[in-house]
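Report on the following structure.
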Amino acid sequence: MKRLGRDAAELTALADHLFAHGLVLVLEMLAGLLAGMYDPSGHGKPLFAFLAVVAETERQNIGESPLEGLGTAARPQGQARRPAVITAMRRTSRSCATTAG
């Protein structure tokens, strides 16, 4: 459904427009508890509205994911790198071990 429209209002308007012009848009659930065919202009209208909102939310999440990645990449270099394998404490203990031996 997310490919049919940008948001829930647009999807609902599309279904109403198609119905007004004599075309029937049918939702078909292939499996599960809701298996069957649903007409968004009739008894399937609440299901269609719910799925339209889910598609809108998913579309918004897809747009936010790259922004989160860009925010992570823009951090100062000290925060974005992996933690150092050899810490300051290990360096001092290693230097003490080499001087003692």
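Each chain of the structure tokens is named A, B, ... in the order shown, its residues numbered from 1; ligands are numbered from 1 in display order.
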
* To do: Fewer than 5 positions away in the same chain doesn't count, so skip those; otherwise give me all residues within 7 Å of range 1-10 of chain A, counting only C-alpha atoms, as number ranges by chain.
  => A: 49, 52-53, 55-56, 59

* Asked: Looking at only C-alpha atoms, which of A:Leu11, A:Gln60, A:Pro66, A:Leu33 is the one that sits closest to Phe48 in chain A?
  ->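 Answer, going by the shortest atom-to-atom distance: A:Leu11.
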
* Could you tell me how far CA of Ile62 in chain A lies from CA of Gly44 in chain A, in Å and to one decimal? =>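 Going from CA of Ile62 in chain A over to CA of Gly44 in chain A, I get 26.9 Å.
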
* To do: Have a look at CA of Ala31 in chain A and CA of Asp16 in chain A and let me know their distance in Å, one decimal.
  => 26.0 Å

Contacts of Lys45 in chain A at 12 Å or less, counting only C-alpha atoms, minus same-chain residues fewer than 2 places along, as a PDB file with C-alpha atoms, in the first residue's frame?
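Just written: around-v3.pdb:
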```
ATOM      1  CA  LEU A  11      -4.735   6.325   0.011  1.00  0.00           C
ATOM      2  CA  THR A  12      -8.254   6.867   1.321  1.00  0.00           C
ATOM      3  CA  ALA A  13      -8.903   9.539  -1.321  1.00  0.00           C
ATOM      4  CA  ALA A  15     -10.002   4.400  -2.885  1.00  0.00           C
ATOM      5  CA  ASP A  16     -12.949   6.849  -2.831  1.00  0.00           C
ATOM      6  CA  LEU A  25     -10.181  -1.647  -5.189  1.00  0.00           C
ATOM      7  CA  VAL A  26     -10.042  -4.876  -3.211  1.00  0.00           C
ATOM      8  CA  LEU A  27      -7.689  -5.820  -0.396  1.00  0.00           C
ATOM      9  CA  MET A  37     -11.172 -10.113   0.356  1.00  0.00           C
ATOM     10  CA  TYR A  38     -12.063  -6.672   1.687  1.00  0.00           C
ATOM     11  CA  ASP A  39     -13.679  -3.767  -0.158  1.00  0.00           C
ATOM     12  CA  PRO A  40     -12.339  -0.420   1.173  1.00  0.00           C
ATOM     13  CA  SER A  41     -15.586   1.339   0.301  1.00  0.00           C
ATOM     14  CA  GLY A  42     -17.707  -1.146   2.266  1.00  0.00           C
ATOM     15  CA  HIS A  43     -17.111  -3.333   5.286  1.00  0.00           C
ATOM     16  CA  LEU A  47      -9.064  -2.364   7.774  1.00  0.00           C
ATOM     17  CA  PHE A  48      -8.052  -0.262   4.781  1.00  0.00           C
ATOM     18  CA  ALA A  49      -7.668   2.829   6.995  1.00  0.00           C
ATOM     19  CA  PHE A  50      -5.525   0.880   9.476  1.00  0.00           C
ATOM     20  CA  LEU A  51      -3.254  -0.485   6.746  1.00  0.00           C
ATOM     21  CA  ALA A  52      -2.973   2.997   5.216  1.00  0.00           C
TER      22      ALA A  52
END
```

* Asked: In Å, how far is it from CA of Gly32 in chain A to CA of Leu18 in chain A?
  ->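 These two atoms are separated by 27.4 Å.
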